[in-house]
file upload.pdb (PDB, C-alpha atoms)
ATOM      1  CA  MET H 285      68.336  90.175  95.203
ATOM      2  CA  SER H 286      69.375  92.297  98.179
ATOM      3  CA  ASP H 287      70.602  95.887  97.952
ATOM      4  CA  GLU H 288      74.401  95.935  97.732
ATOM      5  CA  ASN H 289      74.468  98.441 100.593
ATOM      6  CA  SER H 290      72.709  96.057 102.923
ATOM      7  CA  SER H 291      74.545  93.331 104.807
ATOM      8  CA  GLY H 292      72.770  90.643 102.826
ATOM      9  CA  ASN H 293      70.061  89.863 105.370
ATOM     10  CA  GLY H 294      68.083  93.090 105.235
ATOM     11  CA  ARG H 295      69.732  94.837 108.185
ATOM     12  CA  LYS H 296      71.740  98.036 107.938
ATOM     13  CA  ARG H 297      75.496  97.806 107.835
ATOM     14  CA  SER H 298      77.558  98.275 110.978
ATOM     15  CA  HIS H 299      80.356 100.838 111.159
ATOM     16  CA  ARG H 300      82.901  98.032 110.774
ATOM     17  CA  GLU H 301      81.221  96.837 107.577
ATOM     18  CA  VAL H 302      81.212 100.405 106.224
ATOM     19  CA  ALA H 303      84.903 100.714 107.112
ATOM     20  CA  ASP H 304      85.646  97.401 105.359
ATOM     21  CA  THR H 305      83.969  98.588 102.157
ATOM     22  CA  LEU H 306      85.738 101.958 102.165
ATOM     23  CA  ARG H 307      89.069 100.285 102.953
ATOM     24  CA  ASP H 308      88.650  98.015  99.947
ATOM     25  CA  ARG H 309      87.929 101.022  97.724
ATOM     26  CA  ILE H 310      91.091 102.762  98.907
ATOM     27  CA  ARG H 311      93.262  99.696  98.429
ATOM     28  CA  ARG H 312      91.842  99.066  94.954
ATOM     29  CA  GLY H 313      92.593 102.664  94.011
ATOM     30  CA  ASP H 314      88.937 103.627  93.521
ATOM     31  CA  ILE H 315      89.722 106.484  95.904
ATOM     32  CA  LYS H 316      93.324 107.568  95.325
ATOM     33  CA  ALA H 317      95.939 109.052  97.661
ATOM     34  CA  GLY H 318      95.205 112.733  98.203
ATOM     35  CA  ASP H 319      91.554 112.453  97.159
ATOM     36  CA  PRO H 320      88.970 113.801  99.595
ATOM     37  CA  MET H 321      86.551 111.325 101.062
ATOM     38  CA  PRO H 322      82.863 111.812 100.244
ATOM     39  CA  THR H 323      80.991 113.805 102.856
ATOM     40  CA  GLN H 324      79.522 112.005 105.836
ATOM     41  CA  SER H 325      75.987 112.814 104.693
ATOM     42  CA  ARG H 326      76.704 111.373 101.248
ATOM     43  CA  LEU H 327      78.193 108.191 102.699
ATOM     44  CA  ALA H 328      75.303 107.871 105.152
ATOM     45  CA  GLU H 329      72.851 108.091 102.253
ATOM     46  CA  GLU H 330      74.851 105.620 100.138
ATOM     47  CA  PHE H 331      75.056 102.978 102.863
ATOM     48  CA  GLY H 332      71.637 103.668 104.356
ATOM     49  CA  VAL H 333      73.068 104.305 107.833
ATOM     50  CA  GLU H 334      73.209 107.113 110.378
ATOM     51  CA  ARG H 335      76.002 109.693 110.171
ATOM     52  CA  GLY H 336      77.288 108.446 113.519
ATOM     53  CA  THR H 337      77.923 105.055 111.916
ATOM     54  CA  VAL H 338      79.898 106.767 109.137
ATOM     55  CA  ARG H 339      81.933 108.756 111.661
ATOM     56  CA  GLN H 340      82.886 105.553 113.497
ATOM     57  CA  ALA H 341      83.925 103.939 110.210
ATOM     58  CA  LEU H 342      86.085 106.930 109.285
ATOM     59  CA  HIS H 343      87.691 106.848 112.751
ATOM     60  CA  ILE H 344      88.770 103.251 112.114
ATOM     61  CA  LEU H 345      90.333 104.154 108.758
ATOM     62  CA  HIS H 346      92.098 107.158 110.284
ATOM     63  CA  ASP H 347      93.523 105.034 113.085
ATOM     64  CA  GLU H 348      94.830 102.581 110.487
ATOM     65  CA  GLY H 349      96.696 105.406 108.751
ATOM     66  CA  LEU H 350      94.484 105.342 105.658
ATOM     67  CA  LEU H 351      92.987 108.825 106.137
ATOM     68  CA  THR H 352      94.292 112.230 107.149
ATOM     69  CA  GLU H 353      92.679 114.145 109.996
ATOM     70  CA  ALA H 354      89.511 115.986 108.973
ATOM     71  CA  THR H 355      89.478 119.731 109.719
ATOM     72  CA  ARG H 356      86.632 122.217 110.006
ATOM     73  CA  GLY H 357      85.300 122.784 106.517
ATOM     74  CA  ALA H 358      87.588 120.176 104.928
ATOM     75  CA  PRO H 359      86.882 116.426 104.768
ATOM     76  CA  ALA H 360      89.480 113.768 105.482
ATOM     77  CA  ARG H 361      91.636 112.743 102.530
ATOM     78  CA  VAL H 362      93.228 109.441 101.610
ATOM     79  CA  ALA H 363      96.724 109.504 103.120
ATOM     80  CA  ALA H 364      99.629 109.799 100.706
ATOM     81  CA  THR H 365     101.298 106.915 102.547
ATOM     82  CA  ALA H 366      98.170 104.777 102.726
ATOM     83  CA  PRO H 367      98.832 101.027 102.793
ATOM     84  CA  PRO H 368      98.849  99.470  99.311
ATOM     85  CA  THR H 369      96.516  96.903  97.818
ATOM     86  CA  ALA H 370      95.957  93.495  99.376
ATOM     87  CA  ASP H 371      98.013  91.906  96.591
ATOM     88  CA  GLU H 372     101.017  93.912  97.741
ATOM     89  CA  GLY H 373     100.422  93.223 101.416
ATOM     90  CA  PRO H 374     100.192  95.693 104.299
ATOM     91  CA  ALA H 375     103.847  96.678 103.998
ATOM     92  CA  GLY H 376     103.929  97.069 100.216
ATOM     93  CA  GLY H 377     105.663  93.727  99.771
ATOM     94  CA  ARG H 378     108.458  94.788 102.126
ATOM     95  CA  PRO H 379     108.585  92.920 105.457
ATOM     96  CA  GLN H 380     108.873  95.156 108.510
ATOM     97  CA  GLN H 381     110.270  94.753 111.993
ATOM     98  CA  THR H 382     107.916  93.246 114.524
ATOM     99  CA  LEU H 383     106.516  96.353 116.210
ATOM    100  CA  SER H 384     106.134  98.301 112.948
ATOM    101  CA  ALA H 385     104.271  95.391 111.354
ATOM    102  CA  LEU H 386     102.348  93.936 114.274
ATOM    103  CA  GLY H 387     100.905  97.133 115.781
ATOM    104  CA  PRO H 388      98.771  98.233 112.786
ATOM    105  CA  ARG H 389      97.664  94.665 112.061
ATOM    106  CA  LEU H 390      96.508  94.179 115.661
ATOM    107  CA  THR H 391      94.619  97.479 115.517
ATOM    108  CA  GLN H 392      92.811  96.309 112.408
ATOM    109  CA  ALA H 393      92.135  92.893 113.960
ATOM    110  CA  PHE H 394      90.455  94.620 116.915
ATOM    111  CA  SER H 395      87.850  96.127 114.585
ATOM    112  CA  ALA H 396      86.177  92.697 114.490
ATOM    113  CA  ASP H 397      83.273  91.932 116.795
ATOM    114  CA  ASP H 398      85.028  88.860 118.182
ATOM    115  CA  VAL H 399      88.819  89.171 118.296
ATOM    116  CA  ARG H 400      91.020  86.084 118.416
ATOM    117  CA  ILE H 401      94.793  86.364 118.708
ATOM    118  CA  ASP H 402      97.122  83.348 118.792
ATOM    119  CA  ALA H 403     100.805  84.006 119.447
ATOM    120  CA  LEU H 404     103.903  81.827 119.688
ATOM    121  CA  SER H 405     107.153  83.463 120.758
ATOM    122  CA  LEU H 406     110.093  83.453 123.153
ATOM    123  CA  THR H 407     108.452  86.073 125.408
ATOM    124  CA  SER H 408     105.282  88.156 125.040
ATOM    125  CA  GLU H 409     107.177  91.474 124.857
ATOM    126  CA  SER H 410     106.268  92.283 121.232
ATOM    127  CA  LEU H 411     102.608  91.377 121.704
ATOM    128  CA  MET H 412     102.421  93.380 124.929
ATOM    129  CA  LEU H 413     103.841  96.504 123.246
ATOM    130  CA  ALA H 414     101.786  96.124 120.058
ATOM    131  CA  MET H 415      98.562  95.948 122.109
ATOM    132  CA  THR H 416      98.980  99.597 123.126
ATOM    133  CA  ASP H 417      97.031 101.164 120.241
ATOM    134  CA  PRO H 418      94.007  98.848 120.088
ATOM    135  CA  LEU H 419      93.588  99.002 123.872
ATOM    136  CA  ARG H 420      93.880 102.798 123.758
ATOM    137  CA  LEU H 421      91.120 102.941 121.133
ATOM    138  CA  ILE H 422      88.878 100.825 123.366
ATOM    139  CA  HIS H 423      89.509 103.094 126.352
ATOM    140  CA  GLU H 424      88.686 106.101 124.119
ATOM    141  CA  ASN H 425      85.426 104.376 123.097
ATOM    142  CA  ARG H 426      86.534 104.430 119.461
ATOM    143  CA  ILE H 427      86.110 100.678 119.086
ATOM    144  CA  LYS H 428      84.464  98.040 121.239
ATOM    145  CA  PRO H 429      84.703  94.351 120.326
ATOM    146  CA  ASN H 430      82.271  91.995 121.994
ATOM    147  CA  SER H 431      85.009  89.550 122.978
ATOM    148  CA  VAL H 432      88.787  89.186 122.931
ATOM    149  CA  THR H 433      90.419  85.759 123.151
ATOM    150  CA  VAL H 434      94.210  85.620 123.363
ATOM    151  CA  ARG H 435      96.228  82.389 123.470
ATOM    152  CA  VAL H 436      99.982  82.587 123.965
ATOM    153  CA  LEU H 437     102.563  79.803 123.659
ATOM    154  CA  LEU H 438     105.858  80.424 125.493
ATOM    155  CA  PRO H 439     108.775  78.133 126.423
ATOM    156  CA  ALA H 440     108.426  76.245 129.688
ATOM    157  CA  ARG H 441     110.457  77.443 132.657
ATOM    158  CA  ASN H 442     112.300  74.173 133.255
ATOM    159  CA  ILE H 443     113.650  73.397 129.776
ATOM    160  CA  GLU H 444     117.206  74.089 128.637
ATOM    161  CA  LEU H 445     116.773  76.935 126.187
ATOM    162  CA  ALA H 446     118.779  77.019 122.969
ATOM    163  CA  PHE H 447     118.719  80.825 123.403
ATOM    164  CA  PRO H 448     119.090  83.014 125.304
ATOM    165  CA  LYS H 449     122.006  81.051 126.676
ATOM    166  CA  GLY H 450     125.203  81.997 128.436
ATOM    167  CA  VAL H 451     128.387  81.340 126.473
ATOM    168  CA  GLY H 452     130.421  80.436 129.518
ATOM    169  CA  PRO H 453     129.551  77.433 131.746
ATOM    170  CA  GLY H 454     128.935  79.589 134.803
ATOM    171  CA  GLU H 455     126.640  82.044 133.029
ATOM    172  CA  ALA H 456     123.715  79.781 132.112
ATOM    173  CA  GLY H 457     121.779  80.182 135.352
ATOM    174  CA  LEU H 458     121.802  83.978 135.388
ATOM    175  CA  VAL H 459     120.837  84.245 131.722
ATOM    176  CA  HIS H 460     118.009  81.749 132.144
ATOM    177  CA  GLN H 461     116.678  83.531 135.239
ATOM    178  CA  ARG H 462     116.739  86.863 133.381
ATOM    179  CA  TRP H 463     114.680  85.371 130.552
ATOM    180  CA  LEU H 464     112.225  83.752 132.969
ATOM    181  CA  THR H 465     111.717  87.024 134.859
ATOM    182  CA  GLN H 466     111.019  88.842 131.594
ATOM    183  CA  ARG H 467     108.693  86.105 130.348
ATOM    184  CA  ASN H 468     106.594  86.256 133.488
ATOM    185  CA  ALA H 469     106.543  90.046 133.911
ATOM    186  CA  GLN H 470     105.634  90.786 130.288
ATOM    187  CA  GLY H 471     102.944  88.110 130.288
ATOM    188  CA  GLN H 472     101.421  89.494 133.478
ATOM    189  CA  VAL H 473     101.324  93.027 132.023
ATOM    190  CA  LEU H 474      99.689  91.726 128.839
ATOM    191  CA  ARG H 475      97.081  89.789 130.802
ATOM    192  CA  ASN H 476      96.350  92.663 133.207
ATOM    193  CA  ASN H 477      95.982  95.208 130.390
ATOM    194  CA  LEU H 478      93.469  92.980 128.636
ATOM    195  CA  HIS H 479      91.544  92.233 131.824
ATOM    196  CA  ASN H 480      91.277  95.994 132.408
ATOM    197  CA  ILE H 481      89.021  96.385 129.349
ATOM    198  CA  ARG H 482      86.758  93.692 130.771
ATOM    199  CA  ARG H 483      86.375  95.680 133.968
ATOM    200  CA  SER H 484      86.103  99.112 132.355
ATOM    201  CA  HIS H 485      84.193  98.369 129.134
ATOM    202  CA  GLY H 486      82.494  95.015 129.673
ATOM    203  CA  VAL H 487      84.471  93.251 126.927
ATOM    204  CA  ASP H 488      84.431  89.466 127.330
ATOM    205  CA  VAL H 489      88.174  88.767 127.705
ATOM    206  CA  HIS H 490      89.959  85.419 127.887
ATOM    207  CA  VAL H 491      93.763  85.259 128.106
ATOM    208  CA  THR H 492      95.499  81.885 128.369
ATOM    209  CA  PHE H 493      99.175  80.893 128.378
ATOM    210  CA  ARG H 494     100.593  77.437 127.726
ATOM    211  CA  ALA H 495     104.159  76.161 127.938
ATOM    212  CA  LEU H 496     106.189  74.774 125.033
ATOM    213  CA  PRO H 497     108.716  71.968 125.627
ATOM    214  CA  PHE H 498     111.178  73.566 123.184
ATOM    215  CA  THR H 499     112.748  76.895 122.174
ATOM    216  CA  PRO H 500     110.743  78.357 119.268
ATOM    217  CA  PRO H 501     113.025  79.249 116.323
ATOM    218  CA  LEU H 502     110.412  81.692 115.035
ATOM    219  CA  LYS H 503     107.559  83.870 116.211
ATOM    220  CA  LEU H 504     104.038  83.515 114.867
ATOM    221  CA  TYR H 505     100.866  85.566 115.218
ATOM    222  CA  VAL H 506      97.509  84.406 113.831
ATOM    223  CA  LEU H 507      94.896  87.179 113.848
ATOM    224  CA  ASN H 508      91.194  86.279 113.710
ATOM    225  CA  GLY H 509      92.013  83.183 111.671
ATOM    226  CA  ALA H 510      92.357  85.500 108.658
ATOM    227  CA  GLU H 511      95.958  86.686 108.820
ATOM    228  CA  ALA H 512      99.285  85.190 109.870
ATOM    229  CA  LEU H 513     102.532  87.009 110.583
ATOM    230  CA  PHE H 514     105.743  85.123 111.208
ATOM    231  CA  GLY H 515     109.410  85.955 111.599
ATOM    232  CA  TYR H 516     112.626  84.123 112.260
ATOM    233  CA  TYR H 517     114.653  84.666 115.408
ATOM    234  CA  THR H 518     118.212  85.587 114.411
ATOM    235  CA  VAL H 519     120.640  84.488 117.106
ATOM    236  CA  ALA H 520     123.775  86.522 117.783
ATOM    237  CA  LYS H 521     126.468  86.700 120.436
ATOM    238  CA  ARG H 522     126.240  89.772 122.641
ATOM    239  CA  ARG H 523     127.060  91.071 126.090
ATOM    240  CA  GLU H 524     124.726  92.305 128.806
ATOM    241  CA  GLU H 525     125.138  93.246 132.424
ATOM    242  CA  ILE H 526     123.017  91.097 134.745
ATOM    243  CA  GLU H 527     123.213  91.633 138.505
ATOM    244  CA  GLU H 528     126.351  93.753 137.985
ATOM    245  CA  ILE H 529     128.035  90.923 136.070
ATOM    246  CA  ASN H 530     129.003  91.459 132.431
ATOM    247  CA  LEU H 531     127.839  88.285 130.702
ATOM    248  CA  GLU H 532     128.342  87.007 127.180
ATOM    249  CA  MET H 533     125.330  85.194 125.725
ATOM    250  CA  TYR H 534     123.670  83.890 122.601
ATOM    251  CA  ASP H 535     120.429  85.791 122.244
ATOM    252  CA  ALA H 536     117.837  87.080 119.778
ATOM    253  CA  LEU H 537     116.170  90.496 119.913
ATOM    254  CA  GLY H 538     112.569  89.598 119.153
ATOM    255  CA  THR H 539     111.269  93.148 118.644
ATOM    256  CA  GLU H 540     113.744  93.538 115.779
ATOM    257  CA  SER H 541     112.713  90.331 114.004
ATOM    258  CA  VAL H 542     111.321  90.927 110.516
ATOM    259  CA  LEU H 543     107.720  89.770 110.121
ATOM    260  CA  PHE H 544     106.258  88.342 106.920
ATOM    261  CA  ASP H 545     102.520  88.893 106.526
ATOM    262  CA  PHE H 546      99.989  86.604 104.854
ATOM    263  CA  GLU H 547      96.287  87.464 104.452
ATOM    264  CA  ALA H 548      93.732  84.830 103.527
ATOM    265  CA  VAL H 549      91.991  87.280 101.178
ATOM    266  CA  ALA H 550      95.177  87.782  99.137
ATOM    267  CA  GLY H 551      94.817  84.495  97.242
ATOM    268  CA  PRO H 552      95.042  80.694  97.531
ATOM    269  CA  ARG H 553      98.726  80.672  98.514
ATOM    270  CA  ASP H 554      98.277  83.116 101.384
ATOM    271  CA  GLN H 555      95.023  81.472 102.438
ATOM    272  CA  ALA H 556      96.752  78.091 102.677
ATOM    273  CA  PHE H 557      99.569  79.584 104.769
ATOM    274  CA  VAL H 558      97.100  81.197 107.181
ATOM    275  CA  GLU H 559      95.109  77.965 107.525
ATOM    276  CA  GLN H 560      98.202  75.817 108.069
ATOM    277  CA  SER H 561      99.603  78.289 110.607
ATOM    278  CA  ALA H 562      96.348  78.176 112.569
ATOM    279  CA  ASN H 563      96.270  74.375 112.381
ATOM    280  CA  TRP H 564      99.901  74.110 113.510
ATOM    281  CA  PHE H 565      99.241  76.401 116.466
ATOM    282  CA  ASP H 566      96.147  74.403 117.460
ATOM    283  CA  ALA H 567      98.064  71.128 117.194
ATOM    284  CA  LEU H 568     100.768  72.383 119.574
ATOM    285  CA  TRP H 569      98.202  73.895 121.944
ATOM    286  CA  ASN H 570      96.173  70.692 122.192
ATOM    287  CA  THR H 571      98.975  68.118 122.397
ATOM    288  CA  ILE H 572     102.506  68.637 123.705
ATOM    289  CA  THR H 573     102.092  71.900 125.655
ATOM    290  CA  SER H 574     101.366  72.138 129.378
ATOM    291  CA  ASP H 575      99.815  74.585 131.837
ATOM    292  CA  LEU H 576     101.882  77.736 132.363
ATOM    293  CA  THR H 577     101.823  79.826 135.537
ATOM    294  CA  LEU H 578     103.298  83.332 135.306
ATOM    295  CA  SER H 579     105.108  83.458 138.640
TER
END

call {"tool": "encode", "arguments": {"input": "upload.pdb", "output": "structure tokens"}}
result
Amino acid sequence: MSDENSSGNGRKRSHREVADTLRDRIRRGDIKAGDPMPTQSRLAEEFGVERGTVRQALHILHDEGLLTEATRGAPARVAATAPPTADEGPAGGRPQQTLSALGPRLTQAFSADDVRIDALSLTSESLMLAMTDPLRLIHENRIKPNSVTVRVLLPARNIELAFPKGVGPGEAGLVHQRWLTQRNAQGQVLRNNLHNIRRSHGVDVHVTFRALPFTPPLKLYVLNGAEALFGYYTVAKRREEIEEINLEMYDALGTESVLFDFEAVAGPRDQAFVEQSANWFDALWNTITSDLTLS
């Protein structure tokens, strides 16, 4: 039998594996909110690793909001608002709006050695904004995945969108052009930001977009094949000024969509949802979608 502090093949644990173990202890309540974390030397001895490995693991947990900031002479403590157990889900059973839910989950996904993000949405605005924290941590040398693969499904430029759509007959062209400009600009920013970490930190980055032949009624994010977040687009009538013209349109504000989170480790039901979401995404990607150029 192998030592429980080893990785199972005789090698020492990585900082991500140490972070995973400590995260599980916090979520199970073995270490409760307000409790101080064991000292770095004690954790290093327990896991059979260097103190630098422990420090990296604690940085990950702090960035996820699980730990308070350590001060001189006082260790980090488990945050009073630390995320609940896996059974409750990352939002305590309460779905959150896209940016509130997606940002922390992406940050955690980027702690993997090989990151894989699949996204289906109307534009890539939410994904672009939620990437801010994990990319910041890479630039600060707090985390460094070996590879990042991002696949994004967006509506094709030449289809008639169900939304956003002008209410009046003369408004359709302007509303469609506004959406197309946003789709392309946000996708280009997302792609450029990810390519920057390839140039600056040597991360193997692949970003690919493909075009859907329909308007997606929901948004979906599959993270590392282990977690799926989805939310419905709620369509409403609203007004917006485009090119100095006050237009009435049917639209959905994607960043305000509520996301429901499913983790494969939470049980058979969640695992099945994650697997089916990944399979559905792959089926669309490999069949009815087409090449998409962001221009």

call {"tool": "residues_around", "arguments": {"input": "upload.pdb", "residues": "Pro418 (chain H)", "least_positions_apart": "6", "cutoff": "10 Å", "atoms": "only C-alpha atoms", "output": "list in words"}}
result
Asp347, Gly387, Pro388, Arg389, Leu390, Thr391, Gln392, Ala393, Phe394, Ser395, Glu424, Arg426, Ile427 and Lys428 of chain H

call {"tool": "atom_distance", "arguments": {"input": "upload.pdb", "atom1": "CA of Gln324 (chain H)", "atom2": "CA of Asp398 (chain H)"}}
result
26.8 Å

call {"tool": "closest_residue", "arguments": {"input": "upload.pdb", "among": "H:Leu504, H:Leu350, H:Ala510, H:Leu383", "to": "Glu547 (chain H)", "atoms": "all atoms listed in the file"}}
result
H:Ala510

call {"tool": "residues_around", "arguments": {"input": "upload.pdb", "residues": "region 523-539 of chain H", "least_positions_apart": "3", "cutoff": "8 Å", "atoms": "all atoms listed in the file", "output": "list of chain:residue names"}}
result
H:Gln381, H:Thr382, H:Leu383, H:Leu406, H:Glu409, H:Ser410, H:Phe447, H:Pro448, H:Lys449, H:Gly450, H:Val451, H:Gly452, H:Glu455, H:Leu458, H:Val459, H:Arg462, H:Tyr517, H:Thr518, H:Val519, H:Ala520

call {"tool": "closest_residue", "arguments": {"input": "upload.pdb", "among": "H:Asn442, H:Thr323, H:Gln380, H:Ser579", "to": "Thr499 (chain H)", "atoms": "only C-alpha atoms"}}
result
H:Asn442

call {"tool": "atom_distance", "arguments": {"input": "upload.pdb", "atom1": "CA of Phe565 (chain H)", "atom2": "CA of Asn477 (chain H)"}}
result
23.6 Å

call {"tool": "decode", "arguments": {"input": "upload.pdb", "residues": "region 556-570 of chain H", "atoms": "N, CA, C and O atoms", "output": "PDB file, in the first residue's frame"}}
result
ATOM      1  N   ALA H 556     -23.821  12.732 -14.634  1.00  0.00           N
ATOM      2  CA  ALA H 556     -24.507  12.483 -15.904  1.00  0.00           C
ATOM      3  C   ALA H 556     -24.753  13.782 -16.656  1.00  0.00           C
ATOM      4  O   ALA H 556     -24.608  13.835 -17.889  1.00  0.00           O
ATOM      5  N   PHE H 557     -25.123  14.848 -15.934  1.00  0.00           N
ATOM      6  CA  PHE H 557     -25.367  16.133 -16.596  1.00  0.00           C
ATOM      7  C   PHE H 557     -24.083  16.657 -17.233  1.00  0.00           C
ATOM      8  O   PHE H 557     -24.098  17.153 -18.364  1.00  0.00           O
ATOM      9  N   VAL H 558     -22.971  16.575 -16.491  1.00  0.00           N
ATOM     10  CA  VAL H 558     -21.695  17.052 -17.029  1.00  0.00           C
ATOM     11  C   VAL H 558     -21.314  16.253 -18.275  1.00  0.00           C
ATOM     12  O   VAL H 558     -20.919  16.827 -19.307  1.00  0.00           O
ATOM     13  N   GLU H 559     -21.445  14.943 -18.213  1.00  0.00           N
ATOM     14  CA  GLU H 559     -21.083  14.094 -19.354  1.00  0.00           C
ATOM     15  C   GLU H 559     -21.961  14.381 -20.563  1.00  0.00           C
ATOM     16  O   GLU H 559     -21.462  14.485 -21.697  1.00  0.00           O
ATOM     17  N   GLN H 560     -23.274  14.519 -20.351  1.00  0.00           N
ATOM     18  CA  GLN H 560     -24.171  14.786 -21.465  1.00  0.00           C
ATOM     19  C   GLN H 560     -23.948  16.179 -22.049  1.00  0.00           C
ATOM     20  O   GLN H 560     -24.062  16.376 -23.262  1.00  0.00           O
ATOM     21  N   SER H 561     -23.618  17.145 -21.198  1.00  0.00           N
ATOM     22  CA  SER H 561     -23.315  18.492 -21.694  1.00  0.00           C
ATOM     23  C   SER H 561     -22.080  18.479 -22.574  1.00  0.00           C
ATOM     24  O   SER H 561     -22.044  19.099 -23.644  1.00  0.00           O
ATOM     25  N   ALA H 562     -21.047  17.755 -22.139  1.00  0.00           N
ATOM     26  CA  ALA H 562     -19.822  17.645 -22.934  1.00  0.00           C
ATOM     27  C   ALA H 562     -20.090  16.924 -24.251  1.00  0.00           C
ATOM     28  O   ALA H 562     -19.595  17.333 -25.317  1.00  0.00           O
ATOM     29  N   ASN H 563     -20.894  15.864 -24.190  1.00  0.00           N
ATOM     30  CA  ASN H 563     -21.223  15.122 -25.415  1.00  0.00           C
ATOM     31  C   ASN H 563     -22.034  15.971 -26.382  1.00  0.00           C
ATOM     32  O   ASN H 563     -21.834  15.911 -27.610  1.00  0.00           O
ATOM     33  N   TRP H 564     -22.986  16.742 -25.842  1.00  0.00           N
ATOM     34  CA  TRP H 564     -23.813  17.611 -26.689  1.00  0.00           C
ATOM     35  C   TRP H 564     -22.958  18.660 -27.372  1.00  0.00           C
ATOM     36  O   TRP H 564     -23.098  18.917 -28.575  1.00  0.00           O
ATOM     37  N   PHE H 565     -22.036  19.268 -26.614  1.00  0.00           N
ATOM     38  CA  PHE H 565     -21.145  20.268 -27.186  1.00  0.00           C
ATOM     39  C   PHE H 565     -20.305  19.644 -28.301  1.00  0.00           C
ATOM     40  O   PHE H 565     -20.180  20.215 -29.392  1.00  0.00           O
ATOM     41  N   ASP H 566     -19.716  18.484 -28.032  1.00  0.00           N
ATOM     42  CA  ASP H 566     -18.892  17.811 -29.041  1.00  0.00           C
ATOM     43  C   ASP H 566     -19.694  17.483 -30.299  1.00  0.00           C
ATOM     44  O   ASP H 566     -19.188  17.615 -31.426  1.00  0.00           O
ATOM     45  N   ALA H 567     -20.945  17.047 -30.101  1.00  0.00           N
ATOM     46  CA  ALA H 567     -21.777  16.698 -31.257  1.00  0.00           C
ATOM     47  C   ALA H 567     -22.029  17.915 -32.138  1.00  0.00           C
ATOM     48  O   ALA H 567     -21.942  17.830 -33.376  1.00  0.00           O
ATOM     49  N   LEU H 568     -22.317  19.064 -31.530  1.00  0.00           N
ATOM     50  CA  LEU H 568     -22.505  20.291 -32.313  1.00  0.00           C
ATOM     51  C   LEU H 568     -21.205  20.682 -33.011  1.00  0.00           C
ATOM     52  O   LEU H 568     -21.187  21.028 -34.193  1.00  0.00           O
ATOM     53  N   TRP H 569     -20.111  20.644 -32.253  1.00  0.00           N
ATOM     54  CA  TRP H 569     -18.809  21.070 -32.777  1.00  0.00           C
ATOM     55  C   TRP H 569     -18.404  20.255 -34.009  1.00  0.00           C
ATOM     56  O   TRP H 569     -17.864  20.801 -34.974  1.00  0.00           O
ATOM     57  N   ASN H 570     -18.678  18.963 -33.966  1.00  0.00           N
ATOM     58  CA  ASN H 570     -18.197  18.057 -35.009  1.00  0.00           C
ATOM     59  C   ASN H 570     -19.164  17.825 -36.160  1.00  0.00           C
ATOM     60  O   ASN H 570     -18.827  17.111 -37.107  1.00  0.00           O
TER      61      ASN H 570
END
